[in-house]
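> Below is a structure I'd like to ask you about.
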Amino acid sequence: MLTQTTTRVLEPSDLDAALAVLDREPVANAFVASRVQVAGLDPWRLGGEMWGWYEDGMLESLCYAGANLVPICATPRAVRGFADRARRAGRRCSSIVGPAEPTAQLWRLLEPNWGPARDVRPQQPLMVTDRLPDDIAPDPYVRRVRKDEMETIMPACVAMFTEEVGVSPLAGDGGLLYQARVAELVGSGRSFARLDEHGKVIFKAEIGAATTRACQIQGVWIAPEHRGRGLAAPGMAAVLRYALADFAPLVSLYVNDFNTPARAAYRRVGFEEVGAFMSVLF
């Protein structure tokens with residue numbers, strides 16, 4: 001039995017204990033929980049290691065260490081333990097992302113070794129709703145993207161990612177990993193879009209993560225020439241209807257605090273701010 005405090009890489013046999021921690025904050029932890037529910041804790045299937053922080057033999061906090069470094073239900077002492085392990089391992093992630101307070105602490109501890117970051121977004125409001133709006137009709141033209149429409153949706157996904165993150169997802173491996181991720185979302189019925197009469201995407205969004213308790217909308221994008229035309233709120237209402245009907249009773253998203261139009265559109269659809277995330281991009 002483990003005593004005092006320690007961190008270690010979790011193993012498949014730790015799955016129930018890890019899920020119990022993830023279940024404490026189903027909205028904030030939706031992204032990691034959805035992956036663990038599908039892949040378990042095997043690093044090859046999960047796409048990274050899950051670190052556990054133990055106090056007196058009890059698993060208290062987690063940290064997902066894959067393409068992202070994500071502190072989960074992390075106490076200040078746990079963050080220090082995770083920072084020590086991350087420092088020793090060296091940076092392998094492209095971002096640190098998670099609830100604002102522990103993520104800020106983690107970055108303060110890692111910045112001397114891992115910095116400078118390409119971008120730091122310290123306040124990204126986390127928003128949630130559990131119902132459709134009464135006063136906004138869902139856009140009837142927003143629908144699921146079909147599996148044979150990968151070539152249609154891919155340019156919009158690349159444009160959204162590049163605009164949001166500041167680098168193209170096609171860099172490095174030529175976009176193989178990103179294409180596989182988009183194909184996974186399309187294949188699982190979690191990609192939604194409105195196309196114009198020429199078959200070009202004018203609005204899109206995905207349900208990037210889904211558990212039985214909560215799901216997370218991501219990748220919301222409107223073609224630049226269609227912005228300011230009132231498409232965002234009806235489009236989001238349409239995606240929200242799919243999310244509530246087919247995926248989970250709670251629907252969340254997080255948004256950059258400086259993206260005033262998006263925050264206003266989400267509020268119009270009924271999303272309320274319940275916390276904040278932080279992202280550090282490399």
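Here, A, B, ... name the chains of the structure tokens in the order displayed, residue numbers run from 1 inside each chain, and ligands are numbered from 1 in the same displayed order.
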I'd like the neighbourhood of Leu195 (chain A) as a ChimeraX atom specification, where a residue qualifies if any of its atoms comes within 10 Å (using only C-alpha atoms), though same-chain residues fewer than 2 positions away should be ignored.
/A:141-143,145,152-153,192-193,197-204
> Go ahead and dump the residues you just picked, N, CA, C and O atoms, as a PDB file, in the first residue's frame.

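Once everything was written out, this is part-v8.pdb:
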ATOM      1  N   TYR A 141     -31.019  23.731 -41.478  1.00  0.00           N
ATOM      2  CA  TYR A 141     -30.061  23.280 -42.487  1.00  0.00           C
ATOM      3  C   TYR A 141     -28.794  22.682 -41.876  1.00  0.00           C
ATOM      4  O   TYR A 141     -27.947  22.164 -42.602  1.00  0.00           O
ATOM      5  N   VAL A 142     -28.647  22.782 -40.551  1.00  0.00           N
ATOM      6  CA  VAL A 142     -27.500  22.149 -39.889  1.00  0.00           C
ATOM      7  C   VAL A 142     -27.806  20.670 -39.693  1.00  0.00           C
ATOM      8  O   VAL A 142     -28.842  20.309 -39.140  1.00  0.00           O
ATOM      9  N   ARG A 143     -26.913  19.821 -40.178  1.00  0.00           N
ATOM     10  CA  ARG A 143     -27.143  18.367 -40.118  1.00  0.00           C
ATOM     11  C   ARG A 143     -25.832  17.639 -39.864  1.00  0.00           C
ATOM     12  O   ARG A 143     -24.754  18.236 -39.896  1.00  0.00           O
ATOM     13  N   VAL A 145     -22.654  15.497 -40.630  1.00  0.00           N
ATOM     14  CA  VAL A 145     -21.795  15.316 -41.794  1.00  0.00           C
ATOM     15  C   VAL A 145     -21.703  13.829 -42.094  1.00  0.00           C
ATOM     16  O   VAL A 145     -21.480  13.007 -41.197  1.00  0.00           O
ATOM     17  N   THR A 152     -15.384  17.527 -48.098  1.00  0.00           N
ATOM     18  CA  THR A 152     -16.175  18.754 -47.937  1.00  0.00           C
ATOM     19  C   THR A 152     -15.849  19.435 -46.611  1.00  0.00           C
ATOM     20  O   THR A 152     -15.662  20.655 -46.554  1.00  0.00           O
ATOM     21  N   ILE A 153     -15.784  18.650 -45.528  1.00  0.00           N
ATOM     22  CA  ILE A 153     -15.639  19.228 -44.192  1.00  0.00           C
ATOM     23  C   ILE A 153     -14.186  19.561 -43.855  1.00  0.00           C
ATOM     24  O   ILE A 153     -13.915  20.474 -43.080  1.00  0.00           O
ATOM     25  N   PHE A 192     -21.097  18.218 -37.369  1.00  0.00           N
ATOM     26  CA  PHE A 192     -22.319  18.849 -37.872  1.00  0.00           C
ATOM     27  C   PHE A 192     -21.958  20.073 -38.719  1.00  0.00           C
ATOM     28  O   PHE A 192     -20.982  20.768 -38.432  1.00  0.00           O
ATOM     29  N   ALA A 193     -22.760  20.306 -39.762  1.00  0.00           N
ATOM     30  CA  ALA A 193     -22.449  21.435 -40.639  1.00  0.00           C
ATOM     31  C   ALA A 193     -23.694  21.897 -41.382  1.00  0.00           C
ATOM     32  O   ALA A 193     -24.666  21.160 -41.543  1.00  0.00           O
ATOM     33  N   GLU A 197     -25.509  26.322 -51.252  1.00  0.00           N
ATOM     34  CA  GLU A 197     -26.042  25.650 -52.453  1.00  0.00           C
ATOM     35  C   GLU A 197     -24.947  25.053 -53.325  1.00  0.00           C
ATOM     36  O   GLU A 197     -25.220  24.223 -54.195  1.00  0.00           O
ATOM     37  N   HIS A 198     -23.693  25.479 -53.109  1.00  0.00           N
ATOM     38  CA  HIS A 198     -22.574  24.923 -53.878  1.00  0.00           C
ATOM     39  C   HIS A 198     -21.855  23.799 -53.135  1.00  0.00           C
ATOM     40  O   HIS A 198     -20.813  23.323 -53.581  1.00  0.00           O
ATOM     41  N   GLY A 199     -22.397  23.416 -51.980  1.00  0.00           N
ATOM     42  CA  GLY A 199     -21.778  22.335 -51.215  1.00  0.00           C
ATOM     43  C   GLY A 199     -20.596  22.777 -50.381  1.00  0.00           C
ATOM     44  O   GLY A 199     -19.785  21.958 -49.951  1.00  0.00           O
ATOM     45  N   LYS A 200     -20.502  24.078 -50.115  1.00  0.00           N
ATOM     46  CA  LYS A 200     -19.396  24.608 -49.304  1.00  0.00           C
ATOM     47  C   LYS A 200     -19.884  24.830 -47.872  1.00  0.00           C
ATOM     48  O   LYS A 200     -21.003  25.305 -47.643  1.00  0.00           O
ATOM     49  N   VAL A 201     -19.022  24.518 -46.902  1.00  0.00           N
ATOM     50  CA  VAL A 201     -19.392  24.652 -45.493  1.00  0.00           C
ATOM     51  C   VAL A 201     -19.476  26.127 -45.113  1.00  0.00           C
ATOM     52  O   VAL A 201     -18.536  26.894 -45.338  1.00  0.00           O
ATOM     53  N   ILE A 202     -20.617  26.519 -44.523  1.00  0.00           N
ATOM     54  CA  ILE A 202     -20.729  27.897 -44.030  1.00  0.00           C
ATOM     55  C   ILE A 202     -20.826  27.935 -42.501  1.00  0.00           C
ATOM     56  O   ILE A 202     -20.594  28.986 -41.897  1.00  0.00           O
ATOM     57  N   PHE A 203     -21.178  26.815 -41.861  1.00  0.00           N
ATOM     58  CA  PHE A 203     -21.164  26.704 -40.402  1.00  0.00           C
ATOM     59  C   PHE A 203     -20.815  25.268 -40.058  1.00  0.00           C
ATOM     60  O   PHE A 203     -21.252  24.341 -40.744  1.00  0.00           O
ATOM     61  N   LYS A 204     -20.013  25.095 -39.005  1.00  0.00           N
ATOM     62  CA  LYS A 204     -19.712  23.744 -38.553  1.00  0.00           C
ATOM     63  C   LYS A 204     -19.389  23.735 -37.067  1.00  0.00           C
ATOM     64  O   LYS A 204     -19.007  24.749 -36.476  1.00  0.00           O
TER      65      LYS A 204
END
> Quick one: everything within 12 Å of Ile72 (chain A), counting only C-alpha atoms, minus sequence neighbours fewer than 2 positions away in the same chain. Send it as a compact mmCIF listing (two decimals) with all heavy atoms, in the first residue's frame.

# COMPACT_ATOMS: atom_id res chain seq x y z
N ALA A 18 -9.62 5.66 -11.18
CA ALA A 18 -9.45 6.83 -12.04
C ALA A 18 -10.81 7.38 -12.48
O ALA A 18 -11.03 8.60 -12.48
CB ALA A 18 -8.61 6.48 -13.26
N LEU A 19 -11.73 6.49 -12.86
CA LEU A 19 -13.06 6.94 -13.29
C LEU A 19 -13.80 7.63 -12.15
O LEU A 19 -14.56 8.58 -12.37
CB LEU A 19 -13.88 5.75 -13.81
CG LEU A 19 -13.46 5.22 -15.18
CD1 LEU A 19 -14.18 3.92 -15.51
CD2 LEU A 19 -13.72 6.26 -16.28
N ALA A 20 -13.58 7.17 -10.92
CA ALA A 20 -14.23 7.81 -9.76
C ALA A 20 -13.74 9.24 -9.60
O ALA A 20 -14.52 10.15 -9.28
CB ALA A 20 -13.96 7.00 -8.50
N VAL A 21 -12.44 9.48 -9.83
CA VAL A 21 -11.92 10.85 -9.76
C VAL A 21 -12.51 11.69 -10.90
O VAL A 21 -12.98 12.81 -10.69
CB VAL A 21 -10.38 10.85 -9.82
CG1 VAL A 21 -9.85 12.29 -9.90
CG2 VAL A 21 -9.79 10.16 -8.59
N LEU A 22 -12.50 11.15 -12.12
CA LEU A 22 -13.03 11.88 -13.27
C LEU A 22 -14.50 12.24 -13.08
O LEU A 22 -14.97 13.28 -13.52
CB LEU A 22 -12.85 11.04 -14.54
CG LEU A 22 -11.41 10.94 -15.07
CD1 LEU A 22 -11.27 9.77 -16.02
CD2 LEU A 22 -11.00 12.24 -15.76
N ASP A 23 -15.23 11.36 -12.39
CA ASP A 23 -16.67 11.55 -12.22
C ASP A 23 -17.00 12.66 -11.22
O ASP A 23 -18.14 13.11 -11.15
CB ASP A 23 -17.30 10.23 -11.75
CG ASP A 23 -18.75 10.11 -12.18
OD1 ASP A 23 -19.06 10.56 -13.30
OD2 ASP A 23 -19.57 9.59 -11.40
N ARG A 24 -15.99 13.13 -10.47
CA ARG A 24 -16.24 14.19 -9.50
C ARG A 24 -16.63 15.50 -10.19
O ARG A 24 -17.40 16.28 -9.63
CB ARG A 24 -14.98 14.44 -8.66
CG ARG A 24 -14.80 13.49 -7.51
CD ARG A 24 -13.66 14.00 -6.62
NE ARG A 24 -12.70 12.95 -6.34
CZ ARG A 24 -11.39 13.14 -6.17
NH1 ARG A 24 -10.87 14.35 -6.30
NH2 ARG A 24 -10.60 12.14 -5.90
N GLU A 25 -16.06 15.75 -11.37
CA GLU A 25 -16.35 16.98 -12.10
C GLU A 25 -16.64 16.61 -13.55
O GLU A 25 -15.80 16.76 -14.44
CB GLU A 25 -15.16 17.95 -12.01
CG GLU A 25 -14.87 18.41 -10.59
CD GLU A 25 -13.64 19.30 -10.51
OE1 GLU A 25 -13.14 19.75 -11.56
OE2 GLU A 25 -13.17 19.53 -9.37
N PRO A 26 -17.86 16.09 -13.82
CA PRO A 26 -18.15 15.53 -15.14
C PRO A 26 -18.07 16.52 -16.29
O PRO A 26 -17.73 16.14 -17.41
CB PRO A 26 -19.57 14.97 -14.99
CG PRO A 26 -20.13 15.63 -13.78
CD PRO A 26 -18.98 15.93 -12.88
N VAL A 27 -18.34 17.81 -16.02
CA VAL A 27 -18.29 18.81 -17.10
C VAL A 27 -16.84 19.16 -17.42
O VAL A 27 -16.39 19.07 -18.57
CB VAL A 27 -19.10 20.07 -16.72
CG1 VAL A 27 -18.84 21.18 -17.72
CG2 VAL A 27 -20.58 19.73 -16.66
N ALA A 28 -16.08 19.54 -16.41
CA ALA A 28 -14.69 19.94 -16.63
C ALA A 28 -13.84 18.79 -17.16
O ALA A 28 -12.91 19.01 -17.93
CB ALA A 28 -14.08 20.47 -15.32
N ASN A 29 -14.19 17.56 -16.78
CA ASN A 29 -13.37 16.39 -17.14
C ASN A 29 -13.89 15.63 -18.34
O ASN A 29 -13.40 14.53 -18.63
CB ASN A 29 -13.26 15.45 -15.94
CG ASN A 29 -12.59 16.08 -14.74
OD1 ASN A 29 -11.83 17.04 -14.89
ND2 ASN A 29 -12.88 15.59 -13.55
N ALA A 30 -14.87 16.18 -19.06
CA ALA A 30 -15.52 15.42 -20.14
C ALA A 30 -14.53 14.92 -21.19
O ALA A 30 -14.62 13.77 -21.65
CB ALA A 30 -16.60 16.27 -20.80
N PHE A 31 -13.56 15.77 -21.57
CA PHE A 31 -12.63 15.39 -22.63
C PHE A 31 -11.81 14.16 -22.25
O PHE A 31 -11.76 13.17 -22.99
CB PHE A 31 -11.69 16.57 -22.96
CG PHE A 31 -10.49 16.19 -23.79
CD1 PHE A 31 -10.65 15.82 -25.11
CD2 PHE A 31 -9.21 16.17 -23.24
CE1 PHE A 31 -9.55 15.45 -25.88
CE2 PHE A 31 -8.11 15.81 -24.00
CZ PHE A 31 -8.28 15.44 -25.33
N VAL A 32 -11.20 14.19 -21.07
CA VAL A 32 -10.36 13.06 -20.65
C VAL A 32 -11.23 11.86 -20.30
O VAL A 32 -10.90 10.72 -20.66
CB VAL A 32 -9.45 13.46 -19.47
CG1 VAL A 32 -8.66 12.25 -18.97
CG2 VAL A 32 -8.50 14.57 -19.88
N ALA A 33 -12.35 12.09 -19.62
CA ALA A 33 -13.22 10.97 -19.23
C ALA A 33 -13.72 10.20 -20.45
O ALA A 33 -13.79 8.96 -20.43
CB ALA A 33 -14.41 11.49 -18.41
N MET A 50 -1.57 8.21 -17.90
CA MET A 50 -2.37 8.86 -16.86
C MET A 50 -1.58 8.78 -15.57
O MET A 50 -1.24 7.70 -15.09
CB MET A 50 -3.73 8.16 -16.68
CG MET A 50 -4.63 8.89 -15.70
SD MET A 50 -5.21 10.47 -16.35
CE MET A 50 -6.52 9.89 -17.43
N TRP A 51 -1.23 9.96 -15.05
CA TRP A 51 -0.50 10.00 -13.79
C TRP A 51 -1.49 10.13 -12.64
O TRP A 51 -2.50 10.85 -12.74
CB TRP A 51 0.45 11.20 -13.75
CG TRP A 51 1.46 11.20 -14.86
CD1 TRP A 51 1.85 10.14 -15.64
CD2 TRP A 51 2.22 12.33 -15.33
NE1 TRP A 51 2.79 10.54 -16.57
CE2 TRP A 51 3.04 11.88 -16.39
CE3 TRP A 51 2.29 13.67 -14.95
CZ2 TRP A 51 3.91 12.71 -17.08
CZ3 TRP A 51 3.14 14.52 -15.63
CH2 TRP A 51 3.95 14.04 -16.68
N GLY A 52 -1.21 9.44 -11.55
CA GLY A 52 -2.05 9.52 -10.37
C GLY A 52 -1.31 10.12 -9.20
O GLY A 52 -0.11 9.86 -9.02
N TRP A 53 -1.99 10.92 -8.42
CA TRP A 53 -1.44 11.50 -7.18
C TRP A 53 -2.15 10.86 -6.00
O TRP A 53 -3.38 10.91 -5.91
CB TRP A 53 -1.63 13.01 -7.16
CG TRP A 53 -1.34 13.66 -5.83
CD1 TRP A 53 -2.25 14.05 -4.89
CD2 TRP A 53 -0.05 13.99 -5.30
NE1 TRP A 53 -1.62 14.61 -3.82
CE2 TRP A 53 -0.26 14.59 -4.04
CE3 TRP A 53 1.25 13.86 -5.77
CZ2 TRP A 53 0.78 15.04 -3.24
CZ3 TRP A 53 2.30 14.31 -4.98
CH2 TRP A 53 2.07 14.89 -3.73
N LEU A 59 -6.20 7.53 -4.23
CA LEU A 59 -6.01 8.31 -5.46
C LEU A 59 -6.83 9.59 -5.36
O LEU A 59 -8.06 9.54 -5.27
CB LEU A 59 -6.45 7.49 -6.67
CG LEU A 59 -6.26 8.14 -8.04
CD1 LEU A 59 -4.79 8.41 -8.32
CD2 LEU A 59 -6.85 7.25 -9.14
N GLU A 60 -6.17 10.75 -5.35
CA GLU A 60 -6.84 12.03 -5.14
C GLU A 60 -6.93 12.87 -6.42
O GLU A 60 -7.92 13.57 -6.63
CB GLU A 60 -6.11 12.84 -4.07
CG GLU A 60 -6.22 12.28 -2.67
CD GLU A 60 -7.65 12.36 -2.11
OE1 GLU A 60 -8.40 13.24 -2.57
OE2 GLU A 60 -7.99 11.56 -1.24
N SER A 61 -5.89 12.84 -7.24
CA SER A 61 -5.82 13.70 -8.42
C SER A 61 -5.20 12.93 -9.57
O SER A 61 -4.50 11.93 -9.37
CB SER A 61 -4.97 14.96 -8.13
OG SER A 61 -5.47 15.68 -7.03
N LEU A 62 -5.47 13.43 -10.80
CA LEU A 62 -4.94 12.81 -12.02
C LEU A 62 -4.28 13.87 -12.89
O LEU A 62 -4.55 15.06 -12.75
CB LEU A 62 -6.07 12.15 -12.83
CG LEU A 62 -6.94 11.10 -12.16
CD1 LEU A 62 -8.13 10.77 -13.06
CD2 LEU A 62 -6.14 9.85 -11.85
N CYS A 63 -3.44 13.40 -13.80
CA CYS A 63 -2.91 14.28 -14.84
C CYS A 63 -2.74 13.45 -16.10
O CYS A 63 -2.02 12.44 -16.10
CB CYS A 63 -1.58 14.88 -14.42
SG CYS A 63 -0.95 16.15 -15.57
N TYR A 64 -3.44 13.83 -17.16
CA TYR A 64 -3.30 13.16 -18.45
C TYR A 64 -2.10 13.75 -19.18
O TYR A 64 -1.99 14.97 -19.34
CB TYR A 64 -4.57 13.34 -19.29
CG TYR A 64 -4.45 12.81 -20.70
CD1 TYR A 64 -4.39 11.45 -20.95
CD2 TYR A 64 -4.35 13.68 -21.78
CE1 TYR A 64 -4.26 10.97 -22.24
CE2 TYR A 64 -4.22 13.21 -23.08
CZ TYR A 64 -4.18 11.85 -23.29
OH TYR A 64 -4.04 11.37 -24.58
N ALA A 65 -1.19 12.88 -19.59
CA ALA A 65 0.04 13.33 -20.25
C ALA A 65 0.13 12.69 -21.63
O ALA A 65 0.66 11.60 -21.81
CB ALA A 65 1.26 12.96 -19.42
N LEU A 69 -1.23 18.17 -21.86
CA LEU A 69 -1.00 17.88 -20.45
C LEU A 69 -2.19 18.48 -19.71
O LEU A 69 -2.43 19.69 -19.79
CB LEU A 69 0.31 18.51 -19.98
CG LEU A 69 0.82 18.09 -18.59
CD1 LEU A 69 1.23 16.62 -18.57
CD2 LEU A 69 2.00 18.97 -18.15
N VAL A 70 -2.98 17.62 -19.01
CA VAL A 70 -4.26 18.06 -18.44
C VAL A 70 -4.34 17.69 -16.96
O VAL A 70 -4.49 16.52 -16.62
CB VAL A 70 -5.45 17.40 -19.19
CG1 VAL A 70 -6.77 17.99 -18.70
CG2 VAL A 70 -5.32 17.55 -20.70
N ALA A 74 -6.95 18.47 -9.52
CA ALA A 74 -5.58 18.53 -8.99
C ALA A 74 -5.47 19.54 -7.85
O ALA A 74 -5.71 20.74 -8.04
CB ALA A 74 -4.61 18.89 -10.11
N THR A 75 -5.09 19.05 -6.68
CA THR A 75 -4.82 19.91 -5.53
C THR A 75 -3.47 20.59 -5.74
O THR A 75 -2.65 20.14 -6.55
CB THR A 75 -4.77 19.08 -4.25
OG1 THR A 75 -3.68 18.15 -4.34
CG2 THR A 75 -6.07 18.31 -4.03
N PRO A 76 -3.18 21.67 -5.00
CA PRO A 76 -1.86 22.31 -5.14
C PRO A 76 -0.70 21.34 -4.92
O PRO A 76 0.31 21.41 -5.64
CB PRO A 76 -1.90 23.41 -4.07
CG PRO A 76 -3.35 23.77 -3.96
CD PRO A 76 -4.09 22.47 -4.14
N ALA A 78 -0.75 18.10 -5.46
CA ALA A 78 -0.73 17.21 -6.62
C ALA A 78 -0.08 17.90 -7.81
O ALA A 78 0.73 17.30 -8.53
CB ALA A 78 -2.15 16.77 -6.98
N VAL A 79 -0.40 19.18 -8.02
CA VAL A 79 0.19 19.93 -9.15
C VAL A 79 1.71 19.95 -9.02
O VAL A 79 2.43 19.76 -10.02
CB VAL A 79 -0.38 21.36 -9.21
CG1 VAL A 79 0.40 22.20 -10.22
CG2 VAL A 79 -1.85 21.33 -9.61
N PHE A 82 2.95 16.59 -10.09
CA PHE A 82 2.85 16.42 -11.55
C PHE A 82 3.92 17.26 -12.26
O PHE A 82 4.50 16.82 -13.26
CB PHE A 82 1.46 16.80 -12.04
CG PHE A 82 0.36 15.91 -11.53
CD1 PHE A 82 -0.89 16.43 -11.22
CD2 PHE A 82 0.56 14.54 -11.37
CE1 PHE A 82 -1.92 15.61 -10.76
CE2 PHE A 82 -0.47 13.71 -10.91
CZ PHE A 82 -1.71 14.25 -10.60
N ILE A 96 -0.74 22.70 -22.65
CA ILE A 96 -1.24 22.40 -21.30
C ILE A 96 -2.62 23.01 -21.25
O ILE A 96 -2.80 24.19 -21.58
CB ILE A 96 -0.35 23.02 -20.21
CG1 ILE A 96 1.11 22.59 -20.38
CG2 ILE A 96 -0.84 22.63 -18.82
CD1 ILE A 96 2.08 23.34 -19.44
N VAL A 97 -3.61 22.24 -20.84
CA VAL A 97 -4.98 22.77 -20.82
C VAL A 97 -5.74 22.13 -19.67
O VAL A 97 -5.57 20.95 -19.38
CB VAL A 97 -5.69 22.53 -22.17
CG1 VAL A 97 -5.80 21.05 -22.50
CG2 VAL A 97 -7.06 23.17 -22.19
N GLY A 98 -6.57 22.95 -19.02
CA GLY A 98 -7.38 22.44 -17.92
C GLY A 98 -7.98 23.57 -17.12
O GLY A 98 -7.88 24.74 -17.51
N PRO A 99 -8.63 23.25 -15.99
CA PRO A 99 -9.20 24.29 -15.14
C PRO A 99 -8.15 25.35 -14.82
O PRO A 99 -6.98 25.03 -14.56
CB PRO A 99 -9.64 23.51 -13.89
CG PRO A 99 -9.93 22.13 -14.41
CD PRO A 99 -8.91 21.89 -15.48
N ALA A 100 -8.56 26.62 -14.84
CA ALA A 100 -7.61 27.73 -14.85
C ALA A 100 -6.64 27.72 -13.67
O ALA A 100 -5.44 27.92 -13.86
CB ALA A 100 -8.38 29.06 -14.89
N GLU A 101 -7.14 27.49 -12.45
CA GLU A 101 -6.26 27.63 -11.28
C GLU A 101 -5.14 26.60 -11.25
O GLU A 101 -3.96 26.97 -11.19
CB GLU A 101 -7.11 27.56 -10.00
CG GLU A 101 -6.45 28.25 -8.82
CD GLU A 101 -7.40 28.40 -7.64
OE1 GLU A 101 -8.51 28.94 -7.84
OE2 GLU A 101 -7.02 27.98 -6.54
N PRO A 102 -5.44 25.28 -11.32
CA PRO A 102 -4.33 24.32 -11.32
C PRO A 102 -3.44 24.41 -12.55
O PRO A 102 -2.23 24.17 -12.48
CB PRO A 102 -5.02 22.95 -11.23
CG PRO A 102 -6.43 23.19 -11.59
CD PRO A 102 -6.74 24.60 -11.25
N THR A 103 -4.02 24.78 -13.69
CA THR A 103 -3.22 24.91 -14.91
C THR A 103 -2.25 26.07 -14.78
O THR A 103 -1.08 25.97 -15.20
CB THR A 103 -4.13 25.08 -16.13
OG1 THR A 103 -5.05 23.97 -16.21
CG2 THR A 103 -3.33 25.13 -17.42
N LEU A 106 0.52 24.90 -12.54
CA LEU A 106 1.38 23.96 -13.26
C LEU A 106 2.32 24.71 -14.21
O LEU A 106 3.52 24.41 -14.29
CB LEU A 106 0.50 22.97 -14.03
CG LEU A 106 1.16 21.77 -14.70
CD1 LEU A 106 1.96 20.93 -13.71
CD2 LEU A 106 0.12 20.91 -15.41
N PHE A 277 -11.31 27.71 -18.02
CA PHE A 277 -10.16 26.90 -18.40
C PHE A 277 -8.98 27.83 -18.70
O PHE A 277 -9.15 29.04 -18.81
CB PHE A 277 -10.48 26.07 -19.66
CG PHE A 277 -11.09 24.73 -19.37
CD1 PHE A 277 -11.92 24.53 -18.31
CD2 PHE A 277 -10.80 23.64 -20.19
CE1 PHE A 277 -12.48 23.29 -18.04
CE2 PHE A 277 -11.34 22.40 -19.95
CZ PHE A 277 -12.19 22.22 -18.87
> Do a neighbour search on region 115-130 of chain A at 6 Å with only C-alpha atoms, toss out local chain neighbours closer than 4 positions, and write the hits as a list in words.
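Final neighbour list, sorted by chain and number: Glu111, Pro249, Leu250, Val251, Ser252, Leu253, Tyr254, Val255, Asn256, Asp257, Phe271, Glu272, Glu273, Val274, Gly275, Ala276, Phe277, Met278, Ser279, Val280, Leu281 and Phe282 of chain A.
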> Write a file of the just-selected residues containing N, CA, C and O atoms, as a CSV table (one decimal), in the first residue's frame.

chain,number,residue,atom,x,y,z
A,111,GLU,N,7.3,26.7,-16.5
A,111,GLU,CA,7.7,27.7,-17.4
A,111,GLU,C,9.3,27.9,-17.4
A,111,GLU,O,9.9,28.0,-18.5
A,249,PRO,N,-27.0,14.7,-21.0
A,249,PRO,CA,-27.9,15.7,-20.4
A,249,PRO,C,-27.3,17.0,-20.1
A,249,PRO,O,-28.0,18.0,-19.9
A,250,LEU,N,-26.0,17.1,-20.1
A,250,LEU,CA,-25.3,18.4,-19.9
A,250,LEU,C,-24.4,18.6,-21.1
A,250,LEU,O,-23.6,17.8,-21.6
A,251,VAL,N,-24.5,19.9,-21.7
A,251,VAL,CA,-23.6,20.2,-22.9
A,251,VAL,C,-22.8,21.4,-22.5
A,251,VAL,O,-23.2,22.4,-21.9
A,252,SER,N,-21.5,21.3,-22.7
A,252,SER,CA,-20.5,22.3,-22.3
A,252,SER,C,-19.7,22.7,-23.5
A,252,SER,O,-19.6,22.1,-24.6
A,253,LEU,N,-19.0,23.8,-23.3
A,253,LEU,CA,-17.9,24.3,-24.3
A,253,LEU,C,-17.1,25.3,-23.5
A,253,LEU,O,-17.4,25.7,-22.4
A,254,TYR,N,-15.9,25.5,-24.0
A,254,TYR,CA,-15.1,26.6,-23.5
A,254,TYR,C,-14.6,27.5,-24.6
A,254,TYR,O,-14.5,27.1,-25.8
A,255,VAL,N,-14.5,28.8,-24.3
A,255,VAL,CA,-14.3,29.8,-25.4
A,255,VAL,C,-13.3,30.8,-24.9
A,255,VAL,O,-13.1,31.1,-23.7
A,256,ASN,N,-12.5,31.4,-25.8
A,256,ASN,CA,-11.6,32.4,-25.5
A,256,ASN,C,-12.3,33.7,-24.9
A,256,ASN,O,-13.3,34.1,-25.5
A,257,ASP,N,-11.8,34.2,-23.8
A,257,ASP,CA,-12.5,35.4,-23.2
A,257,ASP,C,-12.5,36.6,-24.2
A,257,ASP,O,-13.4,37.4,-24.1
A,271,PHE,N,-26.3,29.1,-22.8
A,271,PHE,CA,-25.1,28.6,-22.1
A,271,PHE,C,-24.8,29.6,-21.0
A,271,PHE,O,-24.8,30.8,-21.2
A,272,GLU,N,-24.4,29.1,-19.8
A,272,GLU,CA,-24.0,29.9,-18.7
A,272,GLU,C,-22.6,29.6,-18.3
A,272,GLU,O,-22.2,28.4,-18.3
A,273,GLU,N,-21.9,30.6,-17.8
A,273,GLU,CA,-20.5,30.4,-17.4
A,273,GLU,C,-20.5,29.8,-16.0
A,273,GLU,O,-21.1,30.3,-15.1
A,274,VAL,N,-19.7,28.7,-15.9
A,274,VAL,CA,-19.6,28.0,-14.6
A,274,VAL,C,-18.2,27.8,-14.1
A,274,VAL,O,-18.0,27.2,-13.0
A,275,GLY,N,-17.2,28.4,-14.8
A,275,GLY,CA,-15.8,28.3,-14.4
A,275,GLY,C,-15.0,28.8,-15.6
A,275,GLY,O,-15.5,29.5,-16.5
A,276,ALA,N,-13.7,28.4,-15.5
A,276,ALA,CA,-12.8,28.9,-16.5
A,276,ALA,C,-11.7,27.9,-16.8
A,276,ALA,O,-11.3,27.2,-15.8
A,277,PHE,N,-11.3,27.7,-18.0
A,277,PHE,CA,-10.2,26.9,-18.4
A,277,PHE,C,-9.0,27.8,-18.7
A,277,PHE,O,-9.1,29.0,-18.8
A,278,MET,N,-7.8,27.2,-18.8
A,278,MET,CA,-6.6,27.9,-19.3
A,278,MET,C,-5.9,27.1,-20.3
A,278,MET,O,-5.9,25.8,-20.1
A,279,SER,N,-5.3,27.7,-21.3
A,279,SER,CA,-4.5,26.9,-22.3
A,279,SER,C,-3.2,27.6,-22.4
A,279,SER,O,-3.0,28.8,-22.5
A,280,VAL,N,-2.1,26.7,-22.5
A,280,VAL,CA,-0.8,27.1,-22.8
A,280,VAL,C,-0.4,26.4,-24.1
A,280,VAL,O,-0.4,25.2,-24.1
A,281,LEU,N,-0.1,27.1,-25.1
A,281,LEU,CA,0.2,26.5,-26.4
A,281,LEU,C,1.6,26.6,-26.8
A,281,LEU,O,2.2,27.7,-26.6
A,282,PHE,N,2.2,25.5,-27.3
A,282,PHE,CA,3.6,25.5,-27.6
A,282,PHE,C,3.8,25.5,-29.1
A,282,PHE,O,2.9,25.1,-29.9
> Can you tell me, as number ranges by chain, what residues are no more than 9 Å from region 230-238 of chain A when counting only C-alpha atoms, ignoring any on the same chain fewer than 3 positions away?
A: 132-133, 136-143, 192-194, 202-205, 220-222, 226-227, 241-243, 262, 264-269
> From the list A:Arg263, A:Arg190, A:Arg8, A:Arg229, which residue is nearest Glu49 (chain A) when using only C-alpha atoms?
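Distance minimum relative to Glu49 (chain A) lands on A:Arg8.
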